[in-house]
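What follows is the content of entry.txt, which has compact mmCIF, N, CA and C atoms and all ligand atoms:
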```txt
# COMPACT_ATOMS: atom_id res chain seq x y z
N MET F 885 -22.66 -50.64 72.75
CA MET F 885 -23.55 -51.34 73.65
C MET F 885 -24.76 -50.48 74.03
N ILE F 886 -24.47 -49.19 74.33
CA ILE F 886 -25.56 -48.27 74.69
C ILE F 886 -26.50 -48.11 73.50
N ASN F 887 -25.92 -47.96 72.30
CA ASN F 887 -26.75 -47.81 71.10
C ASN F 887 -27.62 -49.04 70.90
N ARG F 888 -27.04 -50.22 71.08
CA ARG F 888 -27.79 -51.47 70.86
C ARG F 888 -28.96 -51.57 71.83
N THR F 889 -28.73 -51.20 73.08
CA THR F 889 -29.78 -51.25 74.09
C THR F 889 -30.88 -50.25 73.77
N LEU F 890 -30.46 -49.06 73.38
CA LEU F 890 -31.45 -48.02 73.06
C LEU F 890 -32.32 -48.44 71.88
N ILE F 891 -31.70 -49.04 70.87
CA ILE F 891 -32.44 -49.48 69.69
C ILE F 891 -33.42 -50.60 70.07
N ALA F 892 -32.97 -51.52 70.90
CA ALA F 892 -33.85 -52.62 71.33
C ALA F 892 -35.03 -52.07 72.12
N LEU F 893 -34.77 -51.11 73.01
CA LEU F 893 -35.86 -50.52 73.81
C LEU F 893 -36.83 -49.75 72.93
N ASN F 894 -36.27 -49.04 71.95
CA ASN F 894 -37.13 -48.30 71.02
C ASN F 894 -38.04 -49.26 70.26
N ASN F 895 -37.46 -50.34 69.73
CA ASN F 895 -38.26 -51.28 68.95
C ASN F 895 -39.35 -51.92 69.81
N LEU F 896 -39.02 -52.19 71.07
CA LEU F 896 -40.02 -52.75 71.97
C LEU F 896 -41.13 -51.74 72.23
N SER F 897 -40.75 -50.50 72.45
CA SER F 897 -41.77 -49.48 72.74
C SER F 897 -42.68 -49.24 71.54
N VAL F 898 -42.11 -49.32 70.33
CA VAL F 898 -42.94 -49.16 69.12
C VAL F 898 -43.94 -50.32 69.02
N ARG F 899 -43.50 -51.50 69.32
CA ARG F 899 -44.41 -52.66 69.29
C ARG F 899 -45.54 -52.46 70.30
N LEU F 900 -45.19 -51.94 71.48
CA LEU F 900 -46.21 -51.76 72.53
C LEU F 900 -47.20 -50.66 72.16
N ARG F 901 -46.72 -49.65 71.42
CA ARG F 901 -47.63 -48.57 71.00
C ARG F 901 -48.60 -49.04 69.93
N ARG F 902 -48.26 -50.12 69.29
CA ARG F 902 -49.11 -50.77 68.29
C ARG F 902 -49.51 -49.82 67.15
N THR F 903 -48.57 -48.98 66.74
CA THR F 903 -48.83 -48.07 65.62
C THR F 903 -49.10 -48.87 64.34
N ARG F 904 -50.10 -48.44 63.61
CA ARG F 904 -50.39 -49.03 62.31
C ARG F 904 -50.48 -47.89 61.30
N CYS F 905 -50.27 -48.19 60.05
CA CYS F 905 -50.41 -47.14 59.04
C CYS F 905 -50.75 -47.74 57.69
N LYS F 906 -51.15 -46.84 56.77
CA LYS F 906 -51.44 -47.27 55.40
C LYS F 906 -50.11 -47.32 54.63
N PRO F 907 -50.07 -48.08 53.54
CA PRO F 907 -48.81 -48.19 52.79
C PRO F 907 -48.19 -46.84 52.43
N GLY F 908 -49.00 -45.90 51.99
CA GLY F 908 -48.47 -44.61 51.57
C GLY F 908 -47.91 -43.77 52.70
N GLU F 909 -48.22 -44.17 53.95
CA GLU F 909 -47.73 -43.42 55.12
C GLU F 909 -46.47 -44.04 55.70
N LEU F 910 -46.03 -45.14 55.12
CA LEU F 910 -44.86 -45.84 55.66
C LEU F 910 -43.61 -45.53 54.82
N LEU F 911 -42.58 -45.11 55.50
CA LEU F 911 -41.31 -44.79 54.85
C LEU F 911 -40.24 -45.79 55.26
N VAL F 912 -39.60 -46.39 54.28
CA VAL F 912 -38.41 -47.21 54.55
C VAL F 912 -37.21 -46.37 54.13
N LEU F 913 -36.37 -46.07 55.09
CA LEU F 913 -35.22 -45.20 54.85
C LEU F 913 -33.95 -46.01 55.10
N PHE F 914 -33.11 -46.12 54.10
CA PHE F 914 -31.91 -46.95 54.28
C PHE F 914 -30.64 -46.17 53.96
N SER F 915 -29.57 -46.65 54.54
CA SER F 915 -28.28 -45.99 54.44
C SER F 915 -27.65 -46.19 53.06
N ARG F 916 -26.97 -45.18 52.57
CA ARG F 916 -26.41 -45.25 51.22
C ARG F 916 -25.26 -46.25 51.10
N CYS F 917 -24.67 -46.64 52.22
CA CYS F 917 -23.56 -47.61 52.14
C CYS F 917 -24.05 -48.99 51.72
N LEU F 918 -25.37 -49.17 51.61
CA LEU F 918 -25.89 -50.45 51.11
C LEU F 918 -25.74 -50.56 49.59
N GLN F 919 -25.58 -49.42 48.91
CA GLN F 919 -25.34 -49.49 47.47
C GLN F 919 -23.94 -50.05 47.22
N ARG F 920 -23.83 -50.98 46.32
CA ARG F 920 -22.53 -51.59 45.99
C ARG F 920 -21.54 -50.51 45.57
N SER F 921 -20.35 -50.53 46.16
CA SER F 921 -19.39 -49.46 45.89
C SER F 921 -18.94 -49.45 44.44
N ALA F 922 -18.96 -50.62 43.77
CA ALA F 922 -18.52 -50.69 42.37
C ALA F 922 -19.63 -50.28 41.40
N CYS F 923 -20.82 -50.05 41.91
CA CYS F 923 -21.94 -49.67 41.03
C CYS F 923 -21.71 -48.27 40.46
N GLU F 924 -21.91 -48.13 39.16
CA GLU F 924 -21.66 -46.84 38.52
C GLU F 924 -22.90 -45.98 38.44
N ARG F 925 -24.01 -46.50 38.89
CA ARG F 925 -25.25 -45.72 38.88
C ARG F 925 -25.18 -44.60 39.90
N LYS F 926 -25.47 -43.39 39.45
CA LYS F 926 -25.50 -42.24 40.36
C LYS F 926 -26.91 -42.15 40.92
N LEU F 927 -27.06 -42.59 42.13
CA LEU F 927 -28.40 -42.64 42.73
C LEU F 927 -28.67 -41.41 43.58
N ASP F 928 -29.87 -40.85 43.42
CA ASP F 928 -30.31 -39.85 44.37
C ASP F 928 -31.17 -40.56 45.41
N GLU F 929 -31.83 -39.82 46.25
CA GLU F 929 -32.56 -40.45 47.36
C GLU F 929 -33.68 -41.37 46.89
N THR F 930 -34.20 -41.15 45.68
CA THR F 930 -35.30 -41.99 45.20
C THR F 930 -34.82 -43.32 44.64
N VAL F 931 -33.54 -43.45 44.41
CA VAL F 931 -32.88 -44.61 43.79
C VAL F 931 -33.54 -45.05 42.48
N ALA F 932 -34.21 -44.11 41.83
CA ALA F 932 -34.91 -44.43 40.58
C ALA F 932 -33.94 -44.86 39.48
N ALA F 933 -32.69 -44.44 39.57
CA ALA F 933 -31.71 -44.77 38.53
C ALA F 933 -31.11 -46.16 38.69
N CYS F 934 -31.49 -46.88 39.72
CA CYS F 934 -30.98 -48.25 39.93
C CYS F 934 -31.45 -49.13 38.77
N ALA F 935 -30.53 -49.93 38.23
CA ALA F 935 -30.86 -50.82 37.12
C ALA F 935 -31.41 -52.16 37.60
N ARG F 936 -31.51 -52.31 38.90
CA ARG F 936 -32.05 -53.54 39.52
C ARG F 936 -31.29 -54.79 39.07
N CYS F 937 -29.98 -54.70 39.06
CA CYS F 937 -29.18 -55.85 38.64
C CYS F 937 -29.15 -56.93 39.71
N GLY F 938 -29.47 -56.56 40.96
CA GLY F 938 -29.51 -57.55 42.04
C GLY F 938 -28.18 -57.77 42.73
N LYS F 939 -27.18 -56.94 42.42
CA LYS F 939 -25.87 -57.14 43.04
C LYS F 939 -25.76 -56.46 44.41
N CYS F 940 -26.78 -55.72 44.79
CA CYS F 940 -26.79 -55.13 46.13
C CYS F 940 -28.24 -54.99 46.58
N PRO F 941 -28.47 -54.65 47.85
CA PRO F 941 -29.84 -54.63 48.37
C PRO F 941 -30.73 -53.52 47.83
N VAL F 942 -30.19 -52.57 47.07
CA VAL F 942 -31.03 -51.48 46.58
C VAL F 942 -32.19 -52.05 45.75
N LYS F 943 -31.91 -53.04 44.95
CA LYS F 943 -32.98 -53.68 44.16
C LYS F 943 -34.07 -54.22 45.08
N ASP F 944 -33.66 -54.83 46.19
CA ASP F 944 -34.63 -55.43 47.10
C ASP F 944 -35.54 -54.37 47.73
N PHE F 945 -34.98 -53.18 47.99
CA PHE F 945 -35.82 -52.10 48.54
C PHE F 945 -36.84 -51.65 47.50
N LEU F 946 -36.42 -51.56 46.24
CA LEU F 946 -37.36 -51.18 45.18
C LEU F 946 -38.45 -52.24 45.01
N ASP F 947 -38.06 -53.50 45.14
CA ASP F 947 -39.05 -54.59 45.07
C ASP F 947 -40.07 -54.49 46.21
N LEU F 948 -39.56 -54.10 47.40
CA LEU F 948 -40.47 -53.92 48.54
C LEU F 948 -41.47 -52.80 48.26
N ALA F 949 -40.97 -51.71 47.68
CA ALA F 949 -41.85 -50.57 47.35
C ALA F 949 -42.93 -51.01 46.37
N ASP F 950 -42.55 -51.80 45.39
CA ASP F 950 -43.52 -52.29 44.39
C ASP F 950 -44.53 -53.24 45.04
N LYS F 951 -44.05 -54.09 45.90
CA LYS F 951 -44.89 -55.12 46.50
C LYS F 951 -45.94 -54.53 47.45
N TYR F 952 -45.52 -53.53 48.24
CA TYR F 952 -46.41 -53.03 49.29
C TYR F 952 -46.95 -51.61 49.03
N GLY F 953 -46.42 -50.92 48.05
CA GLY F 953 -46.88 -49.55 47.77
C GLY F 953 -46.39 -48.56 48.81
N ILE F 954 -45.24 -48.85 49.43
CA ILE F 954 -44.67 -47.98 50.46
C ILE F 954 -43.66 -47.02 49.85
N GLN F 955 -43.23 -46.05 50.66
CA GLN F 955 -42.19 -45.12 50.22
C GLN F 955 -40.82 -45.70 50.59
N VAL F 956 -39.90 -45.64 49.66
CA VAL F 956 -38.54 -46.12 49.92
C VAL F 956 -37.55 -45.03 49.51
N PHE F 957 -36.69 -44.65 50.44
CA PHE F 957 -35.70 -43.62 50.13
C PHE F 957 -34.34 -44.00 50.68
N MET F 958 -33.32 -43.57 49.98
CA MET F 958 -31.95 -43.77 50.44
C MET F 958 -31.49 -42.49 51.14
N ALA F 959 -30.94 -42.65 52.33
CA ALA F 959 -30.43 -41.50 53.07
C ALA F 959 -29.08 -41.10 52.49
N THR F 960 -29.02 -39.94 51.87
CA THR F 960 -27.76 -39.48 51.29
C THR F 960 -27.03 -38.51 52.23
N GLY F 961 -27.64 -38.22 53.36
CA GLY F 961 -27.03 -37.33 54.35
C GLY F 961 -27.93 -37.21 55.56
N GLY F 962 -27.34 -36.86 56.70
CA GLY F 962 -28.11 -36.81 57.94
C GLY F 962 -29.22 -35.78 57.90
N ARG F 963 -28.90 -34.60 57.36
CA ARG F 963 -29.90 -33.52 57.33
C ARG F 963 -31.05 -33.89 56.39
N GLN F 964 -30.69 -34.47 55.25
CA GLN F 964 -31.71 -34.88 54.26
C GLN F 964 -32.61 -35.96 54.84
N ALA F 965 -32.01 -36.91 55.58
CA ALA F 965 -32.80 -37.98 56.18
C ALA F 965 -33.75 -37.43 57.24
N ALA F 966 -33.24 -36.49 58.05
CA ALA F 966 -34.08 -35.89 59.09
C ALA F 966 -35.27 -35.16 58.47
N ALA F 967 -35.03 -34.48 57.34
CA ALA F 967 -36.13 -33.76 56.66
C ALA F 967 -37.15 -34.75 56.11
N ARG F 968 -36.67 -35.86 55.59
CA ARG F 968 -37.56 -36.85 54.98
C ARG F 968 -38.51 -37.46 56.01
N VAL F 969 -38.01 -37.78 57.19
CA VAL F 969 -38.88 -38.42 58.20
C VAL F 969 -39.90 -37.44 58.75
N LYS F 970 -39.63 -36.14 58.62
CA LYS F 970 -40.56 -35.16 59.16
C LYS F 970 -41.68 -34.80 58.19
N VAL F 971 -41.63 -35.31 56.97
CA VAL F 971 -42.68 -35.02 55.99
C VAL F 971 -44.03 -35.41 56.57
N ARG F 972 -45.00 -34.55 56.38
CA ARG F 972 -46.29 -34.69 57.05
C ARG F 972 -46.98 -36.03 56.79
N GLY F 973 -46.91 -36.50 55.57
CA GLY F 973 -47.61 -37.73 55.21
C GLY F 973 -46.97 -39.00 55.75
N VAL F 974 -45.80 -38.88 56.34
CA VAL F 974 -45.11 -40.06 56.89
C VAL F 974 -45.57 -40.29 58.33
N LYS F 975 -46.13 -41.47 58.58
CA LYS F 975 -46.62 -41.78 59.93
C LYS F 975 -45.68 -42.72 60.67
N ALA F 976 -45.03 -43.60 59.95
CA ALA F 976 -44.13 -44.56 60.58
C ALA F 976 -42.94 -44.81 59.66
N ILE F 977 -41.85 -45.26 60.27
CA ILE F 977 -40.59 -45.42 59.53
C ILE F 977 -39.94 -46.76 59.86
N VAL F 978 -39.43 -47.40 58.84
CA VAL F 978 -38.51 -48.53 59.05
C VAL F 978 -37.13 -48.00 58.66
N ALA F 979 -36.25 -47.91 59.62
CA ALA F 979 -34.92 -47.34 59.39
C ALA F 979 -33.89 -48.45 59.30
N VAL F 980 -33.04 -48.38 58.28
CA VAL F 980 -32.03 -49.42 58.05
C VAL F 980 -30.67 -48.73 57.97
N ALA F 981 -29.86 -48.95 58.99
CA ALA F 981 -28.58 -48.23 59.06
C ALA F 981 -27.70 -48.89 60.13
N CYS F 982 -26.55 -48.26 60.40
CA CYS F 982 -25.69 -48.74 61.48
C CYS F 982 -26.27 -48.26 62.82
N GLU F 983 -25.78 -48.80 63.90
CA GLU F 983 -26.34 -48.47 65.22
C GLU F 983 -26.26 -46.97 65.52
N LYS F 984 -25.15 -46.36 65.15
CA LYS F 984 -24.98 -44.92 65.45
C LYS F 984 -26.03 -44.09 64.71
N GLU F 985 -26.22 -44.41 63.42
CA GLU F 985 -27.20 -43.67 62.62
C GLU F 985 -28.62 -43.97 63.08
N LEU F 986 -28.86 -45.21 63.48
CA LEU F 986 -30.20 -45.56 63.95
C LEU F 986 -30.56 -44.77 65.20
N ARG F 987 -29.59 -44.65 66.10
CA ARG F 987 -29.86 -43.88 67.32
C ARG F 987 -30.22 -42.44 66.97
N SER F 988 -29.44 -41.80 66.09
CA SER F 988 -29.74 -40.42 65.69
C SER F 988 -31.09 -40.34 65.02
N GLY F 989 -31.37 -41.33 64.16
CA GLY F 989 -32.63 -41.32 63.40
C GLY F 989 -33.84 -41.48 64.29
N ILE F 990 -33.72 -42.30 65.32
CA ILE F 990 -34.85 -42.50 66.25
C ILE F 990 -35.18 -41.18 66.93
N PHE F 991 -34.17 -40.45 67.40
CA PHE F 991 -34.42 -39.17 68.08
C PHE F 991 -34.93 -38.11 67.09
N ALA F 992 -34.37 -38.12 65.87
CA ALA F 992 -34.78 -37.13 64.87
C ALA F 992 -36.22 -37.34 64.42
N SER F 993 -36.72 -38.55 64.55
CA SER F 993 -38.06 -38.88 64.06
C SER F 993 -39.16 -38.68 65.11
N LEU F 994 -38.77 -38.51 66.35
CA LEU F 994 -39.78 -38.38 67.41
C LEU F 994 -40.81 -37.31 67.08
N PRO F 995 -42.11 -37.51 67.33
CA PRO F 995 -42.71 -38.66 68.04
C PRO F 995 -43.15 -39.79 67.10
N LYS F 996 -42.67 -39.81 65.88
CA LYS F 996 -43.10 -40.87 64.95
C LYS F 996 -42.47 -42.21 65.33
N ALA F 997 -43.17 -43.27 64.99
CA ALA F 997 -42.72 -44.62 65.34
C ALA F 997 -41.66 -45.09 64.35
N VAL F 998 -40.55 -45.59 64.87
CA VAL F 998 -39.45 -46.09 64.04
C VAL F 998 -39.11 -47.52 64.45
N LEU F 999 -39.21 -48.44 63.52
CA LEU F 999 -38.65 -49.78 63.77
C LEU F 999 -37.27 -49.79 63.12
N ALA F 1000 -36.26 -50.09 63.91
CA ALA F 1000 -34.87 -49.99 63.44
C ALA F 1000 -34.32 -51.36 63.09
N ARG F 1001 -33.62 -51.40 61.96
CA ARG F 1001 -32.99 -52.64 61.51
C ARG F 1001 -31.52 -52.35 61.23
N LYS F 1002 -30.65 -53.13 61.86
CA LYS F 1002 -29.21 -52.85 61.79
C LYS F 1002 -28.54 -53.53 60.60
N ILE F 1003 -27.75 -52.76 59.88
CA ILE F 1003 -26.99 -53.32 58.76
C ILE F 1003 -25.78 -54.08 59.29
N ALA F 1004 -25.20 -54.91 58.44
CA ALA F 1004 -23.98 -55.64 58.81
C ALA F 1004 -22.87 -55.24 57.86
N TRP F 1005 -21.64 -55.30 58.35
CA TRP F 1005 -20.48 -54.98 57.52
C TRP F 1005 -19.99 -56.25 56.86
N ARG F 1006 -19.63 -56.17 55.59
CA ARG F 1006 -19.01 -57.31 54.92
C ARG F 1006 -17.52 -57.31 55.17
N VAL F 1007 -16.87 -56.20 54.85
CA VAL F 1007 -15.41 -56.12 54.95
C VAL F 1007 -14.99 -54.98 55.87
N GLU F 1008 -15.51 -53.80 55.59
CA GLU F 1008 -15.14 -52.65 56.39
C GLU F 1008 -16.36 -51.77 56.61
N ALA F 1009 -16.24 -50.88 57.57
CA ALA F 1009 -17.37 -50.03 57.93
C ALA F 1009 -17.75 -49.11 56.78
N CYS F 1010 -19.03 -48.82 56.65
CA CYS F 1010 -19.55 -47.80 55.73
C CYS F 1010 -19.30 -48.13 54.26
N LYS F 1011 -19.07 -49.40 53.91
CA LYS F 1011 -18.83 -49.76 52.51
C LYS F 1011 -19.39 -51.15 52.24
N ASP F 1012 -20.18 -51.25 51.16
CA ASP F 1012 -20.73 -52.55 50.76
C ASP F 1012 -21.38 -53.29 51.92
N THR F 1013 -22.17 -52.58 52.67
CA THR F 1013 -22.83 -53.19 53.81
C THR F 1013 -24.00 -54.06 53.33
N THR F 1014 -24.55 -54.81 54.26
CA THR F 1014 -25.64 -55.71 53.87
C THR F 1014 -26.73 -55.70 54.94
N ILE F 1015 -27.88 -56.24 54.60
CA ILE F 1015 -29.02 -56.25 55.52
C ILE F 1015 -29.83 -57.51 55.28
N ARG F 1016 -30.41 -58.04 56.35
CA ARG F 1016 -31.31 -59.18 56.20
C ARG F 1016 -32.67 -58.65 55.79
N MET F 1017 -32.98 -58.79 54.51
CA MET F 1017 -34.21 -58.17 53.99
C MET F 1017 -35.46 -58.78 54.61
N GLU F 1018 -35.38 -60.02 55.07
CA GLU F 1018 -36.57 -60.60 55.69
C GLU F 1018 -36.93 -59.86 56.98
N GLU F 1019 -35.93 -59.27 57.65
CA GLU F 1019 -36.20 -58.50 58.87
C GLU F 1019 -36.82 -57.14 58.51
N VAL F 1020 -36.39 -56.58 57.38
CA VAL F 1020 -36.98 -55.32 56.92
C VAL F 1020 -38.44 -55.56 56.53
N GLU F 1021 -38.66 -56.63 55.79
CA GLU F 1021 -40.03 -56.92 55.34
C GLU F 1021 -40.94 -57.23 56.54
N GLU F 1022 -40.41 -57.89 57.53
CA GLU F 1022 -41.22 -58.18 58.73
C GLU F 1022 -41.67 -56.88 59.39
N ALA F 1023 -40.77 -55.89 59.46
CA ALA F 1023 -41.12 -54.60 60.06
C ALA F 1023 -42.19 -53.89 59.22
N VAL F 1024 -42.03 -53.96 57.90
CA VAL F 1024 -43.03 -53.35 57.00
C VAL F 1024 -44.39 -53.99 57.24
N ARG F 1025 -44.42 -55.29 57.26
CA ARG F 1025 -45.68 -56.01 57.43
C ARG F 1025 -46.31 -55.72 58.79
N TRP F 1026 -45.47 -55.50 59.79
CA TRP F 1026 -46.01 -55.22 61.12
C TRP F 1026 -46.76 -53.89 61.14
N PHE F 1027 -46.17 -52.86 60.51
CA PHE F 1027 -46.85 -51.56 60.48
C PHE F 1027 -48.12 -51.61 59.62
N LEU F 1028 -48.14 -52.47 58.62
CA LEU F 1028 -49.29 -52.51 57.69
C LEU F 1028 -50.34 -53.54 58.10
N ARG F 1029 -50.12 -54.24 59.19
CA ARG F 1029 -51.00 -55.38 59.55
C ARG F 1029 -52.46 -54.97 59.72
S1 LIG F 1101 -29.00 -53.23 42.40
FE1 LIG F 1101 -27.36 -53.09 40.85
S2 LIG F 1101 -27.79 -51.19 39.70
FE2 LIG F 1101 -28.97 -51.10 41.62
S3 LIG F 1101 -27.66 -49.96 43.02
FE3 LIG F 1101 -27.26 -52.16 43.36
S4 LIG F 1101 -25.49 -52.62 42.04
FE4 LIG F 1101 -26.34 -50.66 41.34
```
Would you encode the structure as structure tokens?
Ligand code: SF4
Amino acid sequence: MINRTLIALNNLSVRLRRTRCKPGELLVLFSRCLQRSACERKLDETVAACARCGKCPVKDFLDLADKYGIQVFMATGGRQAAARVKVRGVKAIVAVACEKELRSGIFASLPKAVLARKIAWRVEACKDTTIRMEEVEEAVRWFLR
């Protein structure tokens, strides 16, 4: 409950700050549990090895990168994700993860603007999770408006 409130307040404060950025300055960072567990592709943070079969949301993130020219990375660990958001050229972030990870990510990214989008569980936590991509795309479009 506390995490949900904090995320909602963060998203509201980001909207009020009215941060805008260029496509190359926007990072979409998503949790690795969105990759289908049965997928045999060994993905690193760039997810370049994804075959785009469409059986999980990783393809949709790559499509977003192609469509808008934004940066898209998969978080393969907390430390790696924290380093990625601190890269100088990154001005704003759309973070896609569970509430616990979103809370950590918001604090790790300060003072950069983060719009947080919560994943949903299909069967069990941290496995084969899903996300409403229209909500991710809305956040991308808001930063690029
Ligand atoms: S879209 Fe297909 S190839 Fe890419 S990570 Fe998902 S299941 Fe694997």
(message) Residues within 12 Å of range 956-972 of chain F, please, as a PyMOL selection string. Count only C-alpha atoms; anything in the same chain fewer than 4 positions from it doesn't count.
(response) chain F and resi 907-919+926-934+941-952+976-981+984-998+1020+1024
(request) Provide the atom N of Val1007 in chain F to CA of Arg920 in chain F distance in Å, to one decimal place. (result)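 It comes out at 11.5 Å.
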(request) Based on DSSP run over this structure's backbone, return all residues of range 889-974 of chain F in strand (DSSP E or B), as a list in words. (result) Leu910, Leu911, Val912, Leu913, Phe914, Ser915, Gln955, Val956, Phe957, Met958 and Ala959 of chain F
(request) Any chance you could list, as number ranges by chain, the residues in range 899-991 of chain F that come up alpha helix (DSSP H) when DSSP is run on the backbone? (result) F: 899-901, 942-952, 962-969, 983-991
(request) For atom N of Asn887 in chain F and atom C of Leu999 in chain F, determine how far apart the two atoms are, in Å to one decimal place. (result)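 Separation between atom N of Asn887 in chain F and atom C of Leu999 in chain F: 14.7 Å.
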(message) When you count all atoms listed in the file, which of these residues is closest to ligand LIG 1101 (chain F): F:Thr903, F:Ser921, F:Ser897, F:Thr889?
(response)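 Answer, going by the shortest atom-to-atom distance: F:Ser921.
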(message) One number please: atom N of Glu983 in chain F to CA of Ala1009 in chain F, in Å, one decimal.
(response)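 So the answer is 10.4 Å.
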Kindly provide, as AutoDock Vina command-line options, the centre and edge lengths (Å, one decimal) of an axis-aligned box around all atoms of ligand LIG 1101 (chain F) given in the file, with 4 Å on each side.
```
--center_x -27.2 --center_y -51.6 --center_z 41.5 --size_x 11.5 --size_y 11.3 --size_z 11.7
```
Skipping near chain neighbours, those fewer than 2 positions away, what residues fall within 6 Å of Leu1028 in chain F using only N, CA and C atoms, listed as a PDB file with N, CA and C atoms, keeping the file's coordinate frame?
```
ATOM      1  N   ARG F 904     -50.100 -48.440  63.610  1.00  0.00           N
ATOM      2  CA  ARG F 904     -50.390 -49.030  62.310  1.00  0.00           C
ATOM      3  C   ARG F 904     -50.480 -47.890  61.300  1.00  0.00           C
ATOM      4  N   CYS F 905     -50.270 -48.190  60.050  1.00  0.00           N
ATOM      5  CA  CYS F 905     -50.410 -47.140  59.040  1.00  0.00           C
ATOM      6  C   CYS F 905     -50.750 -47.740  57.690  1.00  0.00           C
ATOM      7  N   VAL F1024     -42.030 -53.960  57.900  1.00  0.00           N
ATOM      8  CA  VAL F1024     -43.030 -53.350  57.000  1.00  0.00           C
ATOM      9  C   VAL F1024     -44.390 -53.990  57.240  1.00  0.00           C
ATOM     10  N   ARG F1025     -44.420 -55.290  57.260  1.00  0.00           N
ATOM     11  CA  ARG F1025     -45.680 -56.010  57.430  1.00  0.00           C
ATOM     12  C   ARG F1025     -46.310 -55.720  58.790  1.00  0.00           C
ATOM     13  N   TRP F1026     -45.470 -55.500  59.790  1.00  0.00           N
ATOM     14  CA  TRP F1026     -46.010 -55.220  61.120  1.00  0.00           C
ATOM     15  C   TRP F1026     -46.760 -53.890  61.140  1.00  0.00           C
TER      16      TRP F1026
END
```
(request) Identify which of the residues F:Lys906, F:Lys1011, F:Arg901, F:Arg925 lies closest to ligand LIG 1101 (chain F), counting all atoms listed in the file when measuring atom-to-atom distances. (result) F:Arg925
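Using only C-alpha atoms, the nearest neighbour of Ala922 in chain F within the list F:Asn895, F:Cys982, F:Asp1012, F:Trp1005 is F:Asp1012.
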Starting from the structure just given, write a file holding range 945-957 of chain F with N, CA, C and O atoms, as an mmCIF file, in the first residue's frame.
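Writing done, so here's part_17.cif:
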```cif
data_model
loop_
_atom_site.group_PDB
_atom_site.id
_atom_site.type_symbol
_atom_site.label_atom_id
_atom_site.label_comp_id
_atom_site.auth_asym_id
_atom_site.auth_seq_id
_atom_site.Cartn_x
_atom_site.Cartn_y
_atom_site.Cartn_z
ATOM 1 N N PHE F 945 8.658 -3.829 -26.511
ATOM 2 C CA PHE F 945 9.606 -2.780 -26.112
ATOM 3 C C PHE F 945 10.536 -2.434 -27.271
ATOM 4 O O PHE F 945 10.847 -1.256 -27.505
ATOM 5 N N LEU F 946 10.970 -3.449 -28.015
ATOM 6 C CA LEU F 946 11.828 -3.187 -29.176
ATOM 7 C C LEU F 946 11.064 -2.402 -30.243
ATOM 8 O O LEU F 946 11.614 -1.511 -30.899
ATOM 9 N N ASP F 947 9.786 -2.725 -30.406
ATOM 10 C CA ASP F 947 8.955 -1.973 -31.365
ATOM 11 C C ASP F 947 8.830 -0.505 -30.946
ATOM 12 O O ASP F 947 8.855 0.398 -31.788
ATOM 13 N N LEU F 948 8.709 -0.288 -29.613
ATOM 14 C CA LEU F 948 8.638 1.092 -29.117
ATOM 15 C C LEU F 948 9.929 1.845 -29.426
ATOM 16 O O LEU F 948 9.907 3.012 -29.817
ATOM 17 N N ALA F 949 11.060 1.165 -29.230
ATOM 18 C CA ALA F 949 12.363 1.795 -29.517
ATOM 19 C C ALA F 949 12.452 2.181 -30.987
ATOM 20 O O ALA F 949 12.917 3.271 -31.340
ATOM 21 N N ASP F 950 11.989 1.300 -31.852
ATOM 22 C CA ASP F 950 12.015 1.586 -33.300
ATOM 23 C C ASP F 950 11.074 2.739 -33.652
ATOM 24 O O ASP F 950 11.400 3.599 -34.462
ATOM 25 N N LYS F 951 9.919 2.738 -33.043
ATOM 26 C CA LYS F 951 8.889 3.726 -33.377
ATOM 27 C C LYS F 951 9.280 5.139 -32.940
ATOM 28 O O LYS F 951 9.036 6.117 -33.661
ATOM 29 N N TYR F 952 9.881 5.246 -31.748
ATOM 30 C CA TYR F 952 10.138 6.581 -31.189
ATOM 31 C C TYR F 952 11.625 6.966 -31.149
ATOM 32 O O TYR F 952 11.953 8.110 -30.833
ATOM 33 N N GLY F 953 12.518 6.031 -31.398
ATOM 34 C CA GLY F 953 13.949 6.339 -31.340
ATOM 35 C C GLY F 953 14.452 6.511 -29.920
ATOM 36 O O GLY F 953 15.427 7.233 -29.674
ATOM 37 N N ILE F 954 13.793 5.852 -28.964
ATOM 38 C CA ILE F 954 14.165 5.951 -27.552
ATOM 39 C C ILE F 954 15.111 4.809 -27.168
ATOM 40 O O ILE F 954 15.305 3.869 -27.936
ATOM 41 N N GLN F 955 15.670 4.919 -25.964
ATOM 42 C CA GLN F 955 16.518 3.850 -25.449
ATOM 43 C C GLN F 955 15.643 2.855 -24.677
ATOM 44 O O GLN F 955 14.817 3.271 -23.876
ATOM 45 N N VAL F 956 15.869 1.584 -24.917
ATOM 46 C CA VAL F 956 15.126 0.540 -24.205
ATOM 47 C C VAL F 956 16.121 -0.466 -23.637
ATOM 48 O O VAL F 956 16.975 -0.970 -24.369
ATOM 49 N N PHE F 957 16.033 -0.694 -22.335
ATOM 50 C CA PHE F 957 16.941 -1.644 -21.701
ATOM 51 C C PHE F 957 16.192 -2.529 -20.724
ATOM 52 O O PHE F 957 15.225 -2.108 -20.090
#
```
